[in-house]
Every structure is written in structure tokens, then in C-alpha cells.
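A short worksheet on the structure shown next.
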Amino acid sequence: MTTAPQDRFVVRGGARLAGEVTVAGAKNSVLKQLAATLLAPGRSVLSNVPDISDVVIMGDLLRSLGASVSCDPAAGTVTVDVPDTIGDVAEYDLVRRIRGSFVVLGPLLARRGRARVGMPGGDAIGSRQIDLHLAGMARLGAEVSVEHGYVVAEAGALVGAPIWLDIPSVMATENILLAAVLAKGTTVIDNAAREPEVGDLADMLVAMGAQIDGIGSSTLTVEGVQALRPVEHRTVPDRIVAGTFAIGAVMTRGDVTIRGARAQHLDMPLAKLVEAGATVDVGTDGFRVSIADRPRAVDVSTLYYPGFPTDLQPPAIALQAVADGSSMLTENVFDGRFAFVDEMVRLGADLHVAGHHVMVRGRHQLSSAPVQVSDIRAGAALILAGLVADGVTEVYDTGHVDRGYACFDAQLRSLGADVTRT
Ligand code: EPU
């Protein structure tokens, strides 16, 4: 996978998405699973890995910690060979590029008793604190400080403890889990995140020999073990990529079968699409979304899983922008996730932001324009918006999209869209 920051997608509007696409594993699972391999010396193999740039960056981070990493994008596998002794410093230059990388804190602390991890970067979608991660490590007995842009944590030995999360943060839950599996005694994480990617990480840890109860619930009980073994694990399908195609199908009045996806991980978004007038047929290996008429406007409010995912909020706004009627979109997870709304307005969308709400008045069609991508999901939304605009929309800075969507342009083309990359 190679990308250049000046890459752009050229989208000619008017096509109806129809046909079949297959989704690979979830970005937000595989990045944490790569970090989890550090917990056990030896060879671990992940499969169903998406061909996205975030995986490449995470691979570089693992290499900087002493692991050998080989990716086979065609087979969708990543093989990680972890030495007996791993490094304990995650350099800022790598960690700043993707937020998912910050979950190496837990494994490094568990394996080395100390860690120095650059403060994380990631998308510009609002303030993204790490206080819950740090408080969790402190509860497990680590001394934690922030020095010159690095989180520095030291612990003679980690000791299990009850931990209550103020917010069911996905990565705080994961970081604590990754440390607690090798801590001495019992850790109970209360108000844990219930996202399928958290459950997938916990399943992988159990296959490595960890003892975790309550997987999929908001209370995770971890009985620490002395050592873990390497594993072969198949990553759960990406529900956000699947949801993006489903929304694209409805926006373009199309008919798309999404293979490899799990409808049960998208209950809320699919219910909203049905409310908008779509038909959803769930099969054994995915689901089909179709609609003949213009979708109806529906209100959407994002929330932690099983609520409507914040990562599908930008595509949902793109859908409402061409729906029949007015709707209210409410963002409850991130405080800066409406930054891309100005770009949607450049495409002629009738949107008005008021605090954490956006009022949308649906239009029959958008109007093509050059637009700029600010984060992964905003990028996907702007490309979908280009499909329902008259003329040619140029979407700049596609590197963001490549972080989370494998060959998005090729997949859309396979569904009949006129999308090219220059
Ligand atoms: N929060 C705190 N303190 C913390 C941690 C989080 O206040 O210590 C707050 C955040 O500011 C936010 C809320 O808690 O308001 C939820 O954030 P969370 O920690 O759950 O998000 P995250 O773990 O940083 C992951 C995904 C995001 C996804 C969110 C929510 C990864 C690498 N990222 O982020 O994915 O939006 O969960 O589901 O797993 C994306 O893929 O495009 C993406 C942004």
C-alpha cells in the first residue's frame, strides 16, 4: 500500500451503486491485535487483515520495538515474530501518526515493567484525552507521568485492581485489558466499552491463554496469568466499512450485497436505513441493502456501542443531505466531528451546525466541487457525496481514506461508480 498526500479522488456523480463488495477485517481491531502480539514471544499470525496504511505504520512501530513483521496484503495476513525481550520505548514519530498505536502502552508495561510511549496522534475529530488510560495503569500499580510529550510508566509488577471507567472508552478499555492479562490477581473493568472490536481483542487474548470473563459486556473480569502464547487469529469484519457501503447504496438508490460483514454488529445503522425506506436482507455471509426510491430523512444520534457509531456519522450526514425531508444529526462522542460539514456545504448540502447537532434539509442532488478531506470517515462521506453530485467532484488528501478503507476507489468502481485516483 503506497499513498502520497497530494493524491486525490475524482468522482463523477450519477452512478447507482449495485453489485457485491467484500469487507476485510476491522482497522480498529487489527491495530490492537498487532499490539497484543507483543505479549507473547514467538510467531503470531493475524488473518483477514485489511490492506490499509494504518497497518503498515503499526508494523513499523512493532519493528522499532524489536519484532519482525511481514505483511502479505494479497493473502490478508500479517506475521509477527516477537523476541524474548522487546523494547520499551515507542517513539513519538511513529505514535503520532495513528492513535491506535497508543495501545502498546499496556503490553510494554506488562512485559517490561516500564514503558515510554509518545503521546498519540490521530484524526482531527475533537479533543481526545488519555486520562482514563493513565488512571487505569495507575490503578494497576504503575507510576505514571507525562514528560516532554511522552507517557512514562513504571511498575515493579502490575497488580490487578477494580477499575471504573468514567466513559466507556474503546482504547482505554483495550489498554487496560492488555496490561491486566499479565498482572498478578484479578482486575475488574467496569463501564468497559462493548464495541465488537474490544470483544475481538479479548477473544484473541483468551486464545493466547488469558482468562477474561464478561466479553461483550460492560464488566470485564480478568484473572492475570504468568505468560501468554502466540496465536493465529482471524480479525472480525469491519462494521464501519460495511456500514459505509450500506449508506452509499441507499444514497444512490442502489442495491449492494456486502459480503463478509456481520449485520448483528450494525443493528442500529441498518434499522435507520430501513426507517429511511431501504430493504435489508441478512444472509449467512453478509447482507444486502437495496432501495428503489429517494430515501426518507431520519434523525440520527451517535452513542457508544450498541448505539449508532460515531464513525458512521459523516456518511450518515451525506445520506441525509440528499434525503427527502429534514433531519437532525446529533454527535455525542467526539466534540469536533463536524469539521467536515463546511466541505459538505461546498457540495451544496443544506446543513446548519448548532453545538453538537446538525440540522439537515435534504436536497435532490448536490453540486460538484473540489473538497478537502480532514479524517478517514469524513473522506468516505465526501466521496459518497460526490456520487450524488452533478458533474465531477475532486476529493483532495485521500491519504486519510487509505488509512481505513482498503482500495476504496476500486471497490466503488466494482459497484459501478465512476471514481478514479490521480
Ligand atoms: N475519552 C476521555 N478520556 C480518555 C479516553 C477517551 O475523555 O482517556 C473520551 C474521548 O475524548 C471521547 C470519548 O471518550 O469523547 C470516546 O473516545 P474513545 O476513547 O472511545 O475513542 P478511541 O478509543 O480514541 C476508538 C476508535 C475511533 C472511534 C472511537 C469510538 C481506534 C484506533 N479508534 O477511538 O475510530 O471513533 O473508538 O468508537 O480504535 C476511526 O476509525 O475513524 C476512529 C476515529
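Convention: chains lettered A, B, ... in C-alpha cells order; per-chain residue numbering from 1; ligands numbered from 1 as shown.
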**Request:** Quick one: pick out all helix (DSSP H, G or I) residues within stretch 64-259 of chain A from a backbone DSSP run and write them as a PyMOL selection string.
**Result:** chain A and resi 64+92-95+99-112+131-139+170-180+196-207+239-251
Please check which protein, DNA or RNA residues sit within 8 Å of ligand 1, counting only C-alpha atoms and all ligand atoms, and write them as a PDB file with N, CA, C and O atoms, in the first residue's frame.
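File selection-v9.pdb, as written:
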```pdb
ATOM      1  N   LYS A  27     -10.100  -2.269  10.962  1.00  0.00           N
ATOM      2  CA  LYS A  27      -8.901  -1.493  11.325  1.00  0.00           C
ATOM      3  C   LYS A  27      -8.771  -1.400  12.833  1.00  0.00           C
ATOM      4  O   LYS A  27      -7.691  -1.626  13.397  1.00  0.00           O
ATOM      5  N   ASN A  28      -9.881  -1.067  13.492  1.00  0.00           N
ATOM      6  CA  ASN A  28      -9.792  -0.804  14.933  1.00  0.00           C
ATOM      7  C   ASN A  28      -9.682  -2.076  15.774  1.00  0.00           C
ATOM      8  O   ASN A  28      -9.567  -2.004  16.997  1.00  0.00           O
ATOM      9  N   SER A  29      -9.746  -3.233  15.107  1.00  0.00           N
ATOM     10  CA  SER A  29      -9.409  -4.488  15.777  1.00  0.00           C
ATOM     11  C   SER A  29      -7.947  -4.808  15.529  1.00  0.00           C
ATOM     12  O   SER A  29      -7.183  -5.092  16.430  1.00  0.00           O
ATOM     13  N   LEU A  31      -5.311  -3.221  14.634  1.00  0.00           N
ATOM     14  CA  LEU A  31      -4.219  -2.411  15.206  1.00  0.00           C
ATOM     15  C   LEU A  31      -3.939  -2.836  16.653  1.00  0.00           C
ATOM     16  O   LEU A  31      -2.794  -2.954  17.078  1.00  0.00           O
ATOM     17  N   LYS A  32      -4.997  -3.113  17.408  1.00  0.00           N
ATOM     18  CA  LYS A  32      -4.833  -3.520  18.812  1.00  0.00           C
ATOM     19  C   LYS A  32      -4.290  -4.941  18.883  1.00  0.00           C
ATOM     20  O   LYS A  32      -3.545  -5.300  19.786  1.00  0.00           O
ATOM     21  N   ILE A  98      -0.786   7.522  14.161  1.00  0.00           N
ATOM     22  CA  ILE A  98      -2.083   6.851  14.337  1.00  0.00           C
ATOM     23  C   ILE A  98      -2.371   6.656  15.819  1.00  0.00           C
ATOM     24  O   ILE A  98      -1.520   6.226  16.590  1.00  0.00           O
ATOM     25  N   ARG A  99      -3.580   6.954  16.177  1.00  0.00           N
ATOM     26  CA  ARG A  99      -3.944   6.893  17.586  1.00  0.00           C
ATOM     27  C   ARG A  99      -3.937   5.452  18.122  1.00  0.00           C
ATOM     28  O   ARG A  99      -3.595   5.208  19.272  1.00  0.00           O
ATOM     29  N   GLY A 100      -4.283   4.510  17.253  1.00  0.00           N
ATOM     30  CA  GLY A 100      -4.349   3.108  17.675  1.00  0.00           C
ATOM     31  C   GLY A 100      -3.026   2.627  18.263  1.00  0.00           C
ATOM     32  O   GLY A 100      -3.000   1.701  19.094  1.00  0.00           O
ATOM     33  N   SER A 101      -1.927   3.245  17.848  1.00  0.00           N
ATOM     34  CA  SER A 101      -0.608   2.800  18.303  1.00  0.00           C
ATOM     35  C   SER A 101      -0.428   2.966  19.815  1.00  0.00           C
ATOM     36  O   SER A 101       0.420   2.305  20.412  1.00  0.00           O
ATOM     37  N   GLY A 122      -3.578  11.104  15.612  1.00  0.00           N
ATOM     38  CA  GLY A 122      -4.841  10.556  15.102  1.00  0.00           C
ATOM     39  C   GLY A 122      -5.640  11.624  14.403  1.00  0.00           C
ATOM     40  O   GLY A 122      -5.122  12.693  14.089  1.00  0.00           O
ATOM     41  N   ASP A 123      -6.890  11.325  14.155  1.00  0.00           N
ATOM     42  CA  ASP A 123      -7.731  12.223  13.367  1.00  0.00           C
ATOM     43  C   ASP A 123      -8.104  13.491  14.110  1.00  0.00           C
ATOM     44  O   ASP A 123      -8.206  13.502  15.332  1.00  0.00           O
ATOM     45  N   ILE A 125     -10.784  15.054  15.122  1.00  0.00           N
ATOM     46  CA  ILE A 125     -12.239  14.911  15.308  1.00  0.00           C
ATOM     47  C   ILE A 125     -12.663  15.406  16.687  1.00  0.00           C
ATOM     48  O   ILE A 125     -13.745  15.109  17.148  1.00  0.00           O
ATOM     49  N   GLY A 126     -11.770  16.142  17.345  1.00  0.00           N
ATOM     50  CA  GLY A 126     -12.125  16.698  18.644  1.00  0.00           C
ATOM     51  C   GLY A 126     -11.053  16.365  19.663  1.00  0.00           C
ATOM     52  O   GLY A 126     -10.045  15.741  19.344  1.00  0.00           O
ATOM     53  N   SER A 127     -11.292  16.795  20.905  1.00  0.00           N
ATOM     54  CA  SER A 127     -10.299  16.542  21.949  1.00  0.00           C
ATOM     55  C   SER A 127     -10.318  15.047  22.276  1.00  0.00           C
ATOM     56  O   SER A 127     -11.380  14.436  22.386  1.00  0.00           O
ATOM     57  N   ARG A 128      -9.147  14.457  22.363  1.00  0.00           N
ATOM     58  CA  ARG A 128      -9.085  13.004  22.603  1.00  0.00           C
ATOM     59  C   ARG A 128      -8.084  12.775  23.721  1.00  0.00           C
ATOM     60  O   ARG A 128      -6.896  12.607  23.493  1.00  0.00           O
ATOM     61  N   GLN A 129      -8.637  12.801  24.928  1.00  0.00           N
ATOM     62  CA  GLN A 129      -7.766  12.701  26.093  1.00  0.00           C
ATOM     63  C   GLN A 129      -7.315  11.255  26.316  1.00  0.00           C
ATOM     64  O   GLN A 129      -7.882  10.320  25.771  1.00  0.00           O
ATOM     65  N   ILE A 130      -6.298  11.115  27.185  1.00  0.00           N
ATOM     66  CA  ILE A 130      -5.827   9.765  27.526  1.00  0.00           C
ATOM     67  C   ILE A 130      -5.839   9.563  29.042  1.00  0.00           C
ATOM     68  O   ILE A 130      -5.212   8.658  29.553  1.00  0.00           O
ATOM     69  N   ASP A 131      -6.565  10.454  29.740  1.00  0.00           N
ATOM     70  CA  ASP A 131      -6.573  10.384  31.210  1.00  0.00           C
ATOM     71  C   ASP A 131      -7.066   9.026  31.728  1.00  0.00           C
ATOM     72  O   ASP A 131      -6.544   8.500  32.719  1.00  0.00           O
ATOM     73  N   LEU A 132      -8.037   8.412  31.039  1.00  0.00           N
ATOM     74  CA  LEU A 132      -8.583   7.137  31.525  1.00  0.00           C
ATOM     75  C   LEU A 132      -7.564   6.009  31.346  1.00  0.00           C
ATOM     76  O   LEU A 132      -7.488   5.099  32.173  1.00  0.00           O
ATOM     77  N   HIS A 133      -6.765   6.090  30.272  1.00  0.00           N
ATOM     78  CA  HIS A 133      -5.701   5.088  30.071  1.00  0.00           C
ATOM     79  C   HIS A 133      -4.709   5.189  31.237  1.00  0.00           C
ATOM     80  O   HIS A 133      -4.316   4.183  31.827  1.00  0.00           O
ATOM     81  N   LEU A 134      -4.311   6.430  31.537  1.00  0.00           N
ATOM     82  CA  LEU A 134      -3.265   6.636  32.546  1.00  0.00           C
ATOM     83  C   LEU A 134      -3.779   6.273  33.937  1.00  0.00           C
ATOM     84  O   LEU A 134      -3.070   5.620  34.723  1.00  0.00           O
ATOM     85  N   ILE A 167     -16.002   6.990  31.240  1.00  0.00           N
ATOM     86  CA  ILE A 167     -16.591   6.902  29.899  1.00  0.00           C
ATOM     87  C   ILE A 167     -16.211   5.523  29.356  1.00  0.00           C
ATOM     88  O   ILE A 167     -15.081   5.089  29.576  1.00  0.00           O
ATOM     89  N   PRO A 168     -17.118   4.839  28.646  1.00  0.00           N
ATOM     90  CA  PRO A 168     -16.732   3.523  28.106  1.00  0.00           C
ATOM     91  C   PRO A 168     -15.801   3.669  26.901  1.00  0.00           C
ATOM     92  O   PRO A 168     -16.165   3.355  25.766  1.00  0.00           O
ATOM     93  N   SER A 169     -14.602   4.178  27.172  1.00  0.00           N
ATOM     94  CA  SER A 169     -13.628   4.452  26.108  1.00  0.00           C
ATOM     95  C   SER A 169     -13.103   3.144  25.509  1.00  0.00           C
ATOM     96  O   SER A 169     -12.686   2.237  26.247  1.00  0.00           O
ATOM     97  N   VAL A 170     -13.102   3.088  24.188  1.00  0.00           N
ATOM     98  CA  VAL A 170     -12.661   1.877  23.485  1.00  0.00           C
ATOM     99  C   VAL A 170     -11.198   1.578  23.804  1.00  0.00           C
ATOM    100  O   VAL A 170     -10.841   0.509  24.295  1.00  0.00           O
ATOM    101  N   MET A 171     -10.333   2.555  23.535  1.00  0.00           N
ATOM    102  CA  MET A 171      -8.907   2.258  23.692  1.00  0.00           C
ATOM    103  C   MET A 171      -8.447   2.228  25.139  1.00  0.00           C
ATOM    104  O   MET A 171      -7.470   1.548  25.459  1.00  0.00           O
ATOM    105  N   ALA A 172      -9.135   2.946  26.035  1.00  0.00           N
ATOM    106  CA  ALA A 172      -8.755   2.836  27.457  1.00  0.00           C
ATOM    107  C   ALA A 172      -9.078   1.413  27.927  1.00  0.00           C
ATOM    108  O   ALA A 172      -8.280   0.773  28.612  1.00  0.00           O
ATOM    109  N   ALA A 193     -15.930  -0.574  27.415  1.00  0.00           N
ATOM    110  CA  ALA A 193     -16.519  -0.429  26.077  1.00  0.00           C
ATOM    111  C   ALA A 193     -16.980  -1.791  25.580  1.00  0.00           C
ATOM    112  O   ALA A 193     -16.348  -2.805  25.850  1.00  0.00           O
ATOM    113  N   GLU A 195     -17.766  -2.326  22.207  1.00  0.00           N
ATOM    114  CA  GLU A 195     -17.615  -2.399  20.741  1.00  0.00           C
ATOM    115  C   GLU A 195     -17.147  -3.799  20.334  1.00  0.00           C
ATOM    116  O   GLU A 195     -16.331  -4.415  21.047  1.00  0.00           O
ATOM    117  N   GLU A 197     -14.979  -4.674  18.364  1.00  0.00           N
ATOM    118  CA  GLU A 197     -13.517  -4.753  18.229  1.00  0.00           C
ATOM    119  C   GLU A 197     -12.872  -5.023  19.591  1.00  0.00           C
ATOM    120  O   GLU A 197     -11.825  -5.672  19.668  1.00  0.00           O
ATOM    121  N   ILE A 240     -17.621  -0.681  10.170  1.00  0.00           N
ATOM    122  CA  ILE A 240     -17.726   0.708   9.696  1.00  0.00           C
ATOM    123  C   ILE A 240     -17.587   0.761   8.173  1.00  0.00           C
ATOM    124  O   ILE A 240     -18.338   1.479   7.503  1.00  0.00           O
ATOM    125  N   TYR A 304     -22.019   5.309  22.168  1.00  0.00           N
ATOM    126  CA  TYR A 304     -21.155   4.131  22.284  1.00  0.00           C
ATOM    127  C   TYR A 304     -21.955   2.893  21.885  1.00  0.00           C
ATOM    128  O   TYR A 304     -23.177   2.870  21.997  1.00  0.00           O
ATOM    129  N   TYR A 305     -21.232   1.826  21.481  1.00  0.00           N
ATOM    130  CA  TYR A 305     -21.878   0.587  21.065  1.00  0.00           C
ATOM    131  C   TYR A 305     -22.774   0.062  22.190  1.00  0.00           C
ATOM    132  O   TYR A 305     -22.375   0.096  23.348  1.00  0.00           O
ATOM    133  N   PRO A 309     -22.828   4.242  15.572  1.00  0.00           N
ATOM    134  CA  PRO A 309     -21.396   4.548  15.698  1.00  0.00           C
ATOM    135  C   PRO A 309     -21.027   5.958  15.213  1.00  0.00           C
ATOM    136  O   PRO A 309     -21.467   6.359  14.132  1.00  0.00           O
ATOM    137  N   THR A 310     -20.226   6.628  16.004  1.00  0.00           N
ATOM    138  CA  THR A 310     -19.763   7.963  15.607  1.00  0.00           C
ATOM    139  C   THR A 310     -18.993   7.906  14.294  1.00  0.00           C
ATOM    140  O   THR A 310     -18.998   8.860  13.524  1.00  0.00           O
ATOM    141  N   ASP A 311     -18.351   6.765  14.009  1.00  0.00           N
ATOM    142  CA  ASP A 311     -17.580   6.658  12.765  1.00  0.00           C
ATOM    143  C   ASP A 311     -18.474   6.612  11.527  1.00  0.00           C
ATOM    144  O   ASP A 311     -17.984   6.757  10.412  1.00  0.00           O
ATOM    145  N   ASN A 332     -22.610  12.625  19.901  1.00  0.00           N
ATOM    146  CA  ASN A 332     -22.470  12.562  21.363  1.00  0.00           C
ATOM    147  C   ASN A 332     -21.120  12.026  21.827  1.00  0.00           C
ATOM    148  O   ASN A 332     -20.900  11.910  23.032  1.00  0.00           O
ATOM    149  N   VAL A 333     -20.238  11.647  20.887  1.00  0.00           N
ATOM    150  CA  VAL A 333     -18.988  11.004  21.301  1.00  0.00           C
ATOM    151  C   VAL A 333     -17.789  11.944  21.176  1.00  0.00           C
ATOM    152  O   VAL A 333     -17.009  12.088  22.120  1.00  0.00           O
ATOM    153  N   PHE A 334     -17.625  12.584  20.026  1.00  0.00           N
ATOM    154  CA  PHE A 334     -16.475  13.486  19.830  1.00  0.00           C
ATOM    155  C   PHE A 334     -16.957  14.917  19.645  1.00  0.00           C
ATOM    156  O   PHE A 334     -17.964  15.158  18.988  1.00  0.00           O
ATOM    157  N   ASP A 335     -16.168  15.856  20.208  1.00  0.00           N
ATOM    158  CA  ASP A 335     -16.648  17.240  20.191  1.00  0.00           C
ATOM    159  C   ASP A 335     -16.230  18.028  18.952  1.00  0.00           C
ATOM    160  O   ASP A 335     -16.566  19.197  18.825  1.00  0.00           O
ATOM    161  N   ASP A 375     -10.381  13.748   7.846  1.00  0.00           N
ATOM    162  CA  ASP A 375     -10.173  12.492   8.575  1.00  0.00           C
ATOM    163  C   ASP A 375     -10.771  11.328   7.771  1.00  0.00           C
ATOM    164  O   ASP A 375     -11.450  11.548   6.755  1.00  0.00           O
ATOM    165  N   ILE A 376     -10.521  10.122   8.233  1.00  0.00           N
ATOM    166  CA  ILE A 376     -10.898   8.921   7.464  1.00  0.00           C
ATOM    167  C   ILE A 376     -12.373   8.935   7.072  1.00  0.00           C
ATOM    168  O   ILE A 376     -12.745   8.765   5.912  1.00  0.00           O
ATOM    169  N   ARG A 377     -13.218   9.107   8.082  1.00  0.00           N
ATOM    170  CA  ARG A 377     -14.664   8.931   7.836  1.00  0.00           C
ATOM    171  C   ARG A 377     -15.243  10.117   7.074  1.00  0.00           C
ATOM    172  O   ARG A 377     -16.185   9.954   6.286  1.00  0.00           O
ATOM    173  N   GLY A 404      -8.078   3.816   6.410  1.00  0.00           N
ATOM    174  CA  GLY A 404      -9.127   2.949   6.967  1.00  0.00           C
ATOM    175  C   GLY A 404      -9.921   2.160   5.940  1.00  0.00           C
ATOM    176  O   GLY A 404     -10.669   1.259   6.314  1.00  0.00           O
TER     177      GLY A 404
END
```
**Item:** Shell of 10 Å around A:Ala75, only C-alpha atoms, local chain residues under 2 positions omitted, as a ChimeraX atom specification
**Value:** /A:47-51,71-73,77-78
**Asked** Near A:Val11, within 7 Å and counting only C-alpha atoms, which residues show up once chain neighbours fewer than 3 positions away are dropped, as a list in words?
**Response**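 In the requested format, the answer is Ile383, Gly386, Leu387, Val392, Thr393, Glu394, Asp418, Val419 and Thr420 of chain A.
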Could you dump the residues just selected with all heavy atoms as a tab-separated table (two decimals), in the first residue's frame?
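The result, stored in part.tsv:
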```
chain	number	residue	atom	x	y	z
A	383	ILE	N	-16.61	11.38	-0.51
A	383	ILE	CA	-16.61	10.59	-1.75
A	383	ILE	C	-18.03	10.12	-2.07
A	383	ILE	O	-18.50	10.21	-3.20
A	383	ILE	CB	-15.62	9.41	-1.64
A	383	ILE	CG1	-14.19	9.97	-1.59
A	383	ILE	CG2	-15.78	8.44	-2.80
A	383	ILE	CD1	-13.14	8.99	-1.16
A	386	GLY	N	-19.92	12.90	-3.45
A	386	GLY	CA	-19.56	13.14	-4.85
A	386	GLY	C	-20.38	12.27	-5.79
A	386	GLY	O	-20.68	12.65	-6.92
A	387	LEU	N	-20.78	11.09	-5.31
A	387	LEU	CA	-21.57	10.17	-6.15
A	387	LEU	C	-22.97	10.72	-6.44
A	387	LEU	O	-23.60	10.32	-7.42
A	387	LEU	CB	-21.72	8.80	-5.46
A	387	LEU	CG	-20.46	7.98	-5.23
A	387	LEU	CD1	-20.80	6.71	-4.46
A	387	LEU	CD2	-19.80	7.63	-6.57
A	392	VAL	N	-18.24	16.65	-11.73
A	392	VAL	CA	-17.06	15.96	-11.22
A	392	VAL	C	-16.57	16.60	-9.92
A	392	VAL	O	-16.28	17.80	-9.88
A	392	VAL	CB	-15.93	15.99	-12.28
A	392	VAL	CG1	-14.65	15.41	-11.71
A	392	VAL	CG2	-16.36	15.23	-13.52
A	393	THR	N	-16.49	15.80	-8.88
A	393	THR	CA	-16.02	16.28	-7.58
A	393	THR	C	-14.59	15.79	-7.37
A	393	THR	O	-14.31	14.60	-7.54
A	393	THR	CB	-16.94	15.73	-6.46
A	393	THR	OG1	-18.23	16.34	-6.62
A	393	THR	CG2	-16.40	16.06	-5.07
A	394	GLU	N	-13.71	16.71	-7.02
A	394	GLU	CA	-12.34	16.31	-6.70
A	394	GLU	C	-12.17	16.29	-5.19
A	394	GLU	O	-12.46	17.29	-4.52
A	394	GLU	CB	-11.35	17.28	-7.32
A	394	GLU	CG	-11.34	17.18	-8.84
A	394	GLU	CD	-10.26	18.03	-9.45
A	394	GLU	OE1	-10.01	19.13	-8.92
A	394	GLU	OE2	-9.66	17.61	-10.44
A	418	ASP	N	-18.12	5.90	-10.90
A	418	ASP	CA	-17.04	6.45	-11.72
A	418	ASP	C	-16.11	7.22	-10.79
A	418	ASP	O	-16.29	8.40	-10.52
A	418	ASP	CB	-17.67	7.36	-12.79
A	418	ASP	CG	-16.63	7.86	-13.78
A	418	ASP	OD1	-15.42	7.73	-13.50
A	418	ASP	OD2	-17.04	8.39	-14.83
A	419	VAL	N	-15.16	6.50	-10.20
A	419	VAL	CA	-14.23	7.08	-9.23
A	419	VAL	C	-12.82	6.70	-9.65
A	419	VAL	O	-12.53	5.52	-9.84
A	419	VAL	CB	-14.47	6.54	-7.80
A	419	VAL	CG1	-13.50	7.16	-6.80
A	419	VAL	CG2	-15.90	6.78	-7.36
A	420	THR	N	-11.97	7.68	-9.82
A	420	THR	CA	-10.57	7.35	-10.15
A	420	THR	C	-9.65	8.09	-9.19
A	420	THR	O	-10.04	9.07	-8.54
A	420	THR	CB	-10.22	7.77	-11.59
A	420	THR	OG1	-10.65	9.12	-11.77
A	420	THR	CG2	-10.85	6.87	-12.61
```
**Request:** State, in Å with one decimal place, the distance from atom CA of A:Arg363 to atom CA of A:Gly399.
**Result:** 29.1 Å
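With distances taken over only C-alpha atoms, A:Ile86 is the one residue among A:Ile86, A:Val231, A:Gly76, A:Gly355 lying closest to A:Arg63.
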Please report, as JSON lines, each residue of stretch 314-405 of chain A lying at most 12 Å from stretch 55-59 of chain A, together with the nearest pair of atoms and the separation in Å rounded to one decimal; use only C-alpha atoms, and order rows by chain and ascending residue number.
```
{"residue": "A:Asp402", "atom": "CA", "partner": "A:Val55", "partner_atom": "CA", "distance": 10.5}
{"residue": "A:Arg403", "atom": "CA", "partner": "A:Val55", "partner_atom": "CA", "distance": 8.2}
{"residue": "A:Gly404", "atom": "CA", "partner": "A:Val55", "partner_atom": "CA", "distance": 9.2}
{"residue": "A:Tyr405", "atom": "CA", "partner": "A:Val55", "partner_atom": "CA", "distance": 11.3}
```
Write a file of the just-selected residues containing N, CA, C and O atoms, as a short mmCIF file (atom, residue, chain, number, x, y, z; two decimals), in the first residue's frame.
```cif
data_model
loop_
_atom_site.label_atom_id
_atom_site.label_comp_id
_atom_site.auth_asym_id
_atom_site.auth_seq_id
_atom_site.Cartn_x
_atom_site.Cartn_y
_atom_site.Cartn_z
N ASP A 402 -7.22 6.19 2.81
CA ASP A 402 -6.43 4.95 2.72
C ASP A 402 -6.04 4.41 4.09
O ASP A 402 -5.66 3.26 4.21
N ARG A 403 -6.14 5.24 5.11
CA ARG A 403 -5.84 4.76 6.47
C ARG A 403 -6.85 3.71 6.92
O ARG A 403 -6.52 2.88 7.78
N GLY A 404 -8.08 3.82 6.41
CA GLY A 404 -9.13 2.95 6.97
C GLY A 404 -9.92 2.16 5.94
O GLY A 404 -10.67 1.26 6.31
N TYR A 405 -9.83 2.52 4.65
CA TYR A 405 -10.61 1.83 3.61
C TYR A 405 -9.64 1.25 2.59
O TYR A 405 -8.91 2.00 1.94
#
```
**Message:** Applying 12 Å and only C-alpha atoms, which residues near A:Ala271 remain after dropping the ones on its own chain fewer than 6 positions away? List them as a ChimeraX atom specification.
**Reply:** /A:243,246-247,263-265,277-281,289,298-300,307-308
Selection: 6 Å around A:Thr219, only C-alpha atoms, excl. self and same-chain fewer than 6 positions, as a compact mmCIF listing (two decimals) with all heavy atoms, in the first residue's frame:
```txt
# COMPACT_ATOMS: atom_id res chain seq x y z
N ILE A 189 -12.87 -4.47 35.10
CA ILE A 189 -13.07 -3.19 34.39
C ILE A 189 -14.57 -2.96 34.28
O ILE A 189 -15.27 -3.69 33.58
CB ILE A 189 -12.44 -3.20 32.98
CG1 ILE A 189 -10.99 -3.71 33.03
CG2 ILE A 189 -12.49 -1.81 32.36
CD1 ILE A 189 -10.37 -3.91 31.64
N ASP A 190 -15.03 -1.94 34.99
CA ASP A 190 -16.46 -1.62 34.99
C ASP A 190 -16.72 -0.46 34.03
O ASP A 190 -15.88 0.43 33.90
CB ASP A 190 -16.90 -1.21 36.40
CG ASP A 190 -17.91 -2.21 36.93
OD1 ASP A 190 -18.79 -2.61 36.15
OD2 ASP A 190 -17.78 -2.57 38.12
N ALA A 192 -16.87 -0.87 30.90
CA ALA A 192 -15.97 -1.15 29.78
C ALA A 192 -16.70 -0.91 28.46
O ALA A 192 -17.92 -1.03 28.38
CB ALA A 192 -15.51 -2.60 29.84
```
**Asked** So which residues of stretch 87-207 of chain A fall under strand (DSSP E or B) by DSSP, listed as a list in words?
**Response** Val89, Ala90, Arg114, Ala115, Arg116, Val117, Gly118, Glu143, Val144, Ser145, Val146, Glu147, Tyr150, Val151, Val152, Ala153, Glu154, Val159, Pro162, Ile163, Trp164, Lys184, Thr186, Thr187, Val188, Ile189 and Asp190 of chain A
**Item:** Pick from A:Val117, A:Val45, A:Ala410, A:Asp54, whichever lies nearest to A:Arg97 using only C-alpha atoms
**Value:** A:Asp54
**Request:** Please provide the set of residues having any atom within 9 Å of A:His364, restricted to only C-alpha atoms, with same-chain residues fewer than 2 positions apart removed, written as a VMD selection string.
**Result:** chain A and resid 294 321 to 324 362 366 388
